[in-house]
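So this one's coords.cif, mmCIF, C-alpha atoms and all ligand atoms:
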```cif
data_data
#
loop_
_atom_site.label_atom_id
_atom_site.label_comp_id
_atom_site.auth_asym_id
_atom_site.auth_seq_id
_atom_site.Cartn_x
_atom_site.Cartn_y
_atom_site.Cartn_z
CA MET A 583 -36.82 15.16 75.34
CA THR A 584 -35.43 14.81 78.83
CA GLY A 585 -32.12 13.80 80.33
CA ALA A 586 -30.57 13.40 83.76
CA GLY A 587 -30.88 17.15 84.47
CA ILE A 588 -34.64 16.92 85.02
CA SER A 589 -34.16 14.26 87.72
CA THR A 590 -31.28 15.87 89.61
CA GLU A 591 -33.97 18.12 91.12
CA SER A 592 -35.48 14.94 92.61
CA GLY A 593 -32.13 14.23 94.28
CA ILE A 594 -30.95 11.70 91.70
CA PRO A 595 -27.31 12.30 90.77
CA ASP A 596 -26.51 12.74 87.09
CA PHE A 597 -23.69 10.88 85.35
CA ARG A 598 -21.31 13.33 83.76
CA SER A 599 -21.05 16.35 86.05
CA PRO A 600 -18.19 16.68 88.58
CA THR A 601 -20.54 15.39 91.33
CA GLY A 602 -22.10 12.81 89.02
CA ILE A 603 -22.06 9.04 89.26
CA TRP A 604 -19.09 8.56 86.93
CA ALA A 605 -16.97 10.79 89.14
CA GLU A 606 -17.40 8.21 91.91
CA TYR A 607 -17.83 4.94 90.00
CA ASP A 608 -15.73 3.95 87.00
CA GLN A 609 -18.23 3.27 84.24
CA GLN A 610 -15.95 0.57 82.78
CA GLU A 611 -16.24 -1.33 86.05
CA TYR A 612 -19.92 -0.78 86.82
CA ALA A 613 -21.89 0.04 83.71
CA THR A 614 -20.65 -2.09 80.84
CA ILE A 615 -22.20 -5.39 79.84
CA ASP A 616 -18.72 -6.97 79.97
CA ALA A 617 -18.28 -5.84 83.58
CA PHE A 618 -21.70 -7.27 84.42
CA ARG A 619 -20.92 -10.62 82.82
CA ALA A 620 -17.48 -10.75 84.50
CA ASP A 621 -18.60 -9.82 88.02
CA PRO A 622 -22.37 -9.33 88.41
CA ASP A 623 -22.11 -9.30 92.22
CA LYS A 624 -19.86 -6.25 92.08
CA VAL A 625 -22.14 -4.44 89.61
CA TRP A 626 -25.11 -5.20 91.88
CA ARG A 627 -23.39 -3.59 94.86
CA PHE A 628 -23.63 -0.40 92.76
CA TYR A 629 -27.09 -1.12 91.31
CA ALA A 630 -28.67 -1.96 94.67
CA LEU A 631 -27.82 1.60 95.77
CA ARG A 632 -29.15 2.96 92.47
CA PHE A 633 -32.44 1.05 92.81
CA ARG A 634 -32.91 2.39 96.31
CA ALA A 635 -32.12 6.00 95.30
CA LEU A 636 -34.39 5.83 92.24
CA THR A 637 -37.36 4.25 93.98
CA GLU A 638 -37.14 6.59 96.98
CA ALA A 639 -37.04 9.70 94.76
CA GLU A 640 -40.24 11.57 93.95
CA PRO A 641 -41.19 13.34 90.71
CA ASN A 642 -40.43 17.07 90.91
CA ALA A 643 -42.10 20.18 89.47
CA GLY A 644 -40.41 19.55 86.12
CA HIS A 645 -41.86 16.04 85.72
CA LEU A 646 -45.28 17.26 86.89
CA ALA A 647 -45.21 20.17 84.42
CA VAL A 648 -44.38 17.86 81.50
CA ALA A 649 -47.35 15.64 82.43
CA GLU A 650 -49.59 18.71 82.70
CA LEU A 651 -48.50 19.92 79.26
CA GLU A 652 -49.34 16.49 77.84
CA ARG A 653 -52.83 16.61 79.39
CA ALA A 654 -53.24 20.10 77.86
CA GLY A 655 -52.42 18.67 74.43
CA LEU A 656 -49.18 20.64 74.13
CA VAL A 657 -46.71 17.78 74.61
CA GLY A 658 -47.15 14.86 72.22
CA ALA A 659 -44.81 12.42 73.94
CA VAL A 660 -41.73 12.33 76.14
CA VAL A 661 -38.47 10.82 74.92
CA THR A 662 -36.24 10.25 77.93
CA GLN A 663 -32.74 9.02 78.62
CA ASN A 664 -33.72 8.46 82.23
CA ILE A 665 -34.35 5.01 83.67
CA ASP A 666 -36.01 6.28 86.86
CA LEU A 667 -39.72 6.04 85.89
CA LEU A 668 -40.34 9.53 87.32
CA HIS A 669 -42.21 10.69 84.19
CA ASP A 670 -44.59 7.74 84.58
CA ARG A 671 -45.07 8.44 88.24
CA ALA A 672 -45.74 12.13 87.49
CA GLY A 673 -48.58 11.13 85.17
CA SER A 674 -47.03 11.28 81.70
CA ARG A 675 -48.78 8.73 79.48
CA ASP A 676 -46.60 8.45 76.38
CA VAL A 677 -42.99 7.96 77.53
CA VAL A 678 -40.30 6.59 75.22
CA GLU A 679 -37.36 5.22 77.23
CA VAL A 680 -34.35 5.09 74.93
CA HIS A 681 -32.04 3.66 77.62
CA GLY A 682 -34.56 1.20 79.10
CA SER A 683 -35.68 1.52 82.71
CA ILE A 684 -35.78 -0.19 86.08
CA ARG A 685 -39.44 -1.22 85.44
CA THR A 686 -38.27 -4.79 84.85
CA SER A 687 -35.13 -6.92 85.18
CA SER A 688 -34.37 -10.06 83.21
CA CYS A 689 -32.56 -13.35 83.48
CA LEU A 690 -29.96 -13.50 80.71
CA ARG A 691 -29.99 -17.33 80.86
CA CYS A 692 -33.68 -18.34 80.78
CA GLY A 693 -35.36 -15.05 79.84
CA MET A 694 -37.62 -14.76 82.91
CA ARG A 695 -38.62 -11.16 83.56
CA TYR A 696 -39.14 -9.67 87.01
CA PRO A 697 -41.14 -6.51 87.82
CA LEU A 698 -39.68 -3.77 89.99
CA ASP A 699 -41.64 -4.63 93.14
CA GLU A 700 -40.28 -8.20 93.09
CA MET A 701 -36.78 -6.89 92.43
CA ILE A 702 -36.95 -4.61 95.46
CA VAL A 703 -37.77 -7.63 97.64
CA LEU A 704 -35.01 -9.75 96.07
CA ILE A 705 -32.43 -6.96 96.49
CA ALA A 706 -33.46 -6.41 100.11
CA ASP A 707 -33.21 -10.17 100.80
CA SER A 708 -29.85 -10.88 99.26
CA GLY A 709 -28.29 -7.80 97.69
CA VAL A 710 -27.66 -9.77 94.51
CA PRO A 711 -31.00 -10.80 92.98
CA ARG A 712 -31.07 -14.22 91.33
CA CYS A 713 -33.55 -15.87 89.00
CA ALA A 714 -36.08 -18.04 90.88
CA GLU A 715 -36.15 -20.44 87.90
CA CYS A 716 -32.49 -21.04 87.17
CA GLY A 717 -30.38 -19.24 89.77
CA GLU A 718 -28.65 -16.85 87.34
CA VAL A 719 -28.00 -13.29 88.52
CA LEU A 720 -30.68 -10.95 87.11
CA LYS A 721 -29.88 -7.87 85.03
CA PRO A 722 -31.89 -4.64 85.12
CA ASP A 723 -33.53 -3.89 81.74
CA VAL A 724 -31.42 -0.77 81.55
CA VAL A 725 -29.10 -0.37 78.59
CA PHE A 726 -25.51 -1.00 79.68
CA PHE A 727 -22.54 0.31 77.72
CA GLY A 728 -21.78 -2.24 75.01
CA GLU A 729 -25.43 -3.25 74.63
CA LEU A 730 -27.73 -2.36 71.75
CA LEU A 731 -30.33 0.30 72.39
CA PRO A 732 -33.96 -0.89 72.21
CA LYS A 733 -34.83 -0.49 68.52
CA PRO A 734 -38.57 0.24 68.84
CA ALA A 735 -37.85 3.08 71.29
CA ILE A 736 -35.08 4.50 69.11
CA ASP A 737 -37.24 4.34 65.98
CA ARG A 738 -40.11 6.05 67.80
CA ALA A 739 -37.78 8.77 69.14
CA HIS A 740 -36.58 9.56 65.61
CA GLU A 741 -40.17 9.61 64.31
CA LEU A 742 -41.24 11.99 67.08
CA ALA A 743 -38.25 14.26 66.44
CA ARG A 744 -39.10 14.49 62.74
CA SER A 745 -42.78 15.24 63.35
CA ALA A 746 -42.30 17.76 66.21
CA ARG A 747 -43.08 21.42 65.53
CA LEU A 748 -41.03 22.14 68.62
CA LEU A 749 -38.57 19.80 70.30
CA LEU A 750 -38.28 20.90 73.92
CA VAL A 751 -35.04 19.59 75.43
CA VAL A 752 -34.91 19.53 79.23
CA GLY A 753 -31.90 18.60 81.31
CA SER A 754 -29.64 17.15 78.67
CA GLY A 755 -26.35 18.38 77.26
CA LEU A 756 -27.23 16.47 74.06
CA GLU A 757 -23.87 14.74 74.12
CA VAL A 758 -24.96 11.12 74.04
CA TRP A 759 -26.21 9.23 71.00
CA PRO A 760 -29.03 8.82 70.01
CA VAL A 761 -30.56 11.92 71.60
CA SER A 762 -27.69 14.01 70.25
CA MET A 763 -29.17 13.37 66.76
CA LEU A 764 -32.76 14.35 67.51
CA PRO A 765 -32.53 18.18 67.35
CA ASP A 766 -30.93 17.96 63.89
CA GLU A 767 -33.81 15.77 62.72
CA THR A 768 -36.44 18.19 64.03
CA VAL A 769 -34.77 21.18 62.36
CA ALA A 770 -34.21 19.29 59.09
CA ALA A 771 -37.94 18.49 59.02
CA GLY A 772 -38.88 22.15 59.52
CA GLY A 773 -39.38 22.21 63.31
CA GLU A 774 -37.64 24.20 66.02
CA VAL A 775 -35.71 23.37 69.16
CA ALA A 776 -35.92 24.98 72.61
CA ILE A 777 -33.60 24.03 75.46
CA VAL A 778 -33.85 24.24 79.26
CA ASN A 779 -30.56 23.06 80.74
CA ARG A 780 -28.06 24.08 83.34
CA GLY A 781 -24.87 24.56 81.37
CA PRO A 782 -24.10 24.43 77.66
CA THR A 783 -25.45 21.89 75.19
CA THR A 784 -24.22 20.91 71.75
CA PHE A 785 -27.23 22.63 70.12
CA ASP A 786 -27.32 26.03 71.91
CA ASP A 787 -26.38 28.09 68.87
CA ARG A 788 -29.16 26.61 66.74
CA ALA A 789 -31.99 26.58 69.30
CA VAL A 790 -34.72 29.24 69.05
CA LEU A 791 -34.59 29.53 72.84
CA LYS A 792 -32.06 28.47 75.48
CA ILE A 793 -32.80 28.89 79.17
CA ASP A 794 -29.92 28.13 81.51
CA GLY A 795 -31.86 27.33 84.66
CA SER A 796 -33.88 24.96 86.79
CA ALA A 797 -36.11 22.51 84.92
CA GLY A 798 -38.73 22.57 87.68
CA GLU A 799 -38.98 26.36 88.00
CA THR A 800 -38.86 26.99 84.26
CA LEU A 801 -41.46 24.37 83.29
CA ALA A 802 -43.79 25.28 86.16
CA ALA A 803 -43.67 28.89 84.94
CA LEU A 804 -44.40 27.65 81.41
CA VAL A 805 -47.45 25.72 82.60
CA GLN A 806 -48.73 28.84 84.39
CA ALA A 807 -48.11 31.03 81.36
CA VAL A 808 -49.95 28.61 79.08
CA ALA A 809 -52.88 28.31 81.51
CA SER A 810 -53.37 32.07 81.71
ZN ZN A 901 -33.36 -17.69 84.80
#
```

Could you quickly redo this structure as structure tokens?
Ligand SMILES: [Zn+2]
Amino acid sequence: MTGAGISTESGIPDFRSPTGIWAEYDQQEYATIDAFRADPDKVWRFYALRFRALTEAEPNAGHLAVAELERAGLVGAVVTQNIDLLHDRAGSRDVVEVHGSIRTSSCLRCGMRYPLDEMIVLIADSGVPRCAECGEVLKPDVVFFGELLPKPAIDRAHELARSARLLLVVGSGLEVWPVSMLPDETVAAGGEVAIVNRGPTTFDDRAVLKIDGSAGETLAALVQAVAS
């Protein structure tokens, strides 16, 4: 299970730390569905920067290690809070995105869906991408505050947590629902939890292992240790 902390090493700011996105942008003004409906142009001035930062970032050693562990049969699937597609780009095959992603954006009026490469062109052309069919401002298929989480992804995340012998948490403080629930489910079903995160998490005292350090360095070392 991965959170923003695995992608900060790719230069993507997290949300909740003192240098995170919410320190600079008020989430009520930029990340709620009500804010989007009230002033989509303003929200897009923020999201255009986000799209550029996310698409210019590259997967780091942490993402690559997770993909390697999956190829080795040691990681069953990745549940991620991240919307940045870096697990995909690193080669992970089974990625469950509980907060959606920037892979597509949708028209809230007519339902047309636009892939990322078209969105990049639309954003570059106008800053505020509009639906080619009906003219409505498009919304990234990222879960905004006040929106429901995608049920199939949430259900799958819970299933994976219950069936995991080990839930490896990387780069998440485990503060945000639904991922905050997953370690409890793993332990209740007889599994264990290990955590790699800079700073405390809500599950530190019940994890079998907690490493306070870099996701990239720690997971690369894990891959090496497993290979030898
Ligand atoms: Zn439309």

Neighbouring residues of segment 725-732 of chain A were defined as those with any atom within 10 Å, considering only C-alpha atoms; residues of the same chain fewer than 2 positions away were excluded. Please report them as a PyMOL selection string.
chain A and resi 609-610+612-618+665+679-683+721-723+734-737+759-760

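Restricting the atom set to all atoms listed in the file, one finds that the residues within 8 Å of ligand ZN 901 (chain A) amount to A:Ser688, A:Cys689, A:Leu690, A:Arg691, A:Cys692, A:Gly693, A:Met694, A:Arg712, A:Cys713, A:Ala714, A:Glu715, A:Cys716, A:Gly717, A:Glu718, A:Val719, A:Leu720.
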
Can I get the selected residues back with C-alpha atoms, as an mmCIF file, keeping the file's coordinate frame?
```cif
data_model
loop_
_atom_site.group_PDB
_atom_site.id
_atom_site.type_symbol
_atom_site.label_atom_id
_atom_site.label_comp_id
_atom_site.auth_asym_id
_atom_site.auth_seq_id
_atom_site.Cartn_x
_atom_site.Cartn_y
_atom_site.Cartn_z
ATOM 1 C CA SER A 688 -34.370 -10.060 83.210
ATOM 2 C CA CYS A 689 -32.560 -13.350 83.480
ATOM 3 C CA LEU A 690 -29.960 -13.500 80.710
ATOM 4 C CA ARG A 691 -29.990 -17.330 80.860
ATOM 5 C CA CYS A 692 -33.680 -18.340 80.780
ATOM 6 C CA GLY A 693 -35.360 -15.050 79.840
ATOM 7 C CA MET A 694 -37.620 -14.760 82.910
ATOM 8 C CA ARG A 712 -31.070 -14.220 91.330
ATOM 9 C CA CYS A 713 -33.550 -15.870 89.000
ATOM 10 C CA ALA A 714 -36.080 -18.040 90.880
ATOM 11 C CA GLU A 715 -36.150 -20.440 87.900
ATOM 12 C CA CYS A 716 -32.490 -21.040 87.170
ATOM 13 C CA GLY A 717 -30.380 -19.240 89.770
ATOM 14 C CA GLU A 718 -28.650 -16.850 87.340
ATOM 15 C CA VAL A 719 -28.000 -13.290 88.520
ATOM 16 C CA LEU A 720 -30.680 -10.950 87.110
#
```

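One finds atom CA of Leu750 of chain A at 16.1 Å from atom CA of Arg653 of chain A.
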
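The shortest atom-to-atom distance to Arg747 of chain A, with all atoms listed in the file taken into account, belongs to A:Glu774 out of A:Glu774, A:Phe633, A:Leu668, A:Val761.
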
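Atom CA of Ala643 of chain A to atom CA of Ser589 of chain A spans 10.1 Å [interatomic distance, one decimal].
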
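Comparing the minimum interatomic distances between Gly602 of chain A and each of A:Ala743, A:Val805, A:Val769, A:Ala586, counting all atoms listed in the file, we find that A:Ala586 sits nearest.
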
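Going from atom CA of Gly709 of chain A to atom CA of Ala630 of chain A covers 6.6 Å.
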
Selection near Val710 of chain A, 8 Å with only C-alpha atoms, sequence-local residues under 5 positions removed, as number ranges by chain:
A: 623, 626-627, 630, 704-705, 719

One residue among A:Arg632, A:His669, A:Lys624, A:Lys733 is nearest to Pro595 of chain A when using all atoms listed in the file, and that residue is A:Arg632

Which neighbours of Glu591 of chain A fall inside 8 Å, counting all atoms listed in the file, when residues of the same chain fewer than 5 positions from it are skipped, and could you give them as a PyMOL selection string?
chain A and resi 642+797-798

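Distances from A:Glu640, A:Glu799, A:Asp608, A:Asp676 to Val778 of chain A were compared using all atoms listed in the file, and the smallest one belongs to A:Glu799.
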
Find the residues near Gly773 of chain A: any atom within 9 Å, counting all atoms listed in the file, skip ones fewer than 5 places away on the same chain, and give them as a PDB file with C-alpha atoms, keeping the file's coordinate frame.
```pdb
ATOM      1  CA  ALA A 743     -38.250  14.260  66.440  1.00  0.00           C
ATOM      2  CA  ARG A 744     -39.100  14.490  62.740  1.00  0.00           C
ATOM      3  CA  SER A 745     -42.780  15.240  63.350  1.00  0.00           C
ATOM      4  CA  ALA A 746     -42.300  17.760  66.210  1.00  0.00           C
ATOM      5  CA  ARG A 747     -43.080  21.420  65.530  1.00  0.00           C
ATOM      6  CA  LEU A 748     -41.030  22.140  68.620  1.00  0.00           C
ATOM      7  CA  LEU A 749     -38.570  19.800  70.300  1.00  0.00           C
ATOM      8  CA  PRO A 765     -32.530  18.180  67.350  1.00  0.00           C
ATOM      9  CA  GLU A 767     -33.810  15.770  62.720  1.00  0.00           C
ATOM     10  CA  THR A 768     -36.440  18.190  64.030  1.00  0.00           C
TER      11      THR A 768
END
```

Using only C-alpha atoms, which residue out of A:Val752, A:Ala659, A:Ile603, A:Ile702 lies closest to Arg780 of chain A?
A:Val752

For Leu646 of chain A, which residue out of A:Pro711, A:Ala807, A:Leu801, A:Leu764 is the nearest one, using only C-alpha atoms?
A:Leu801
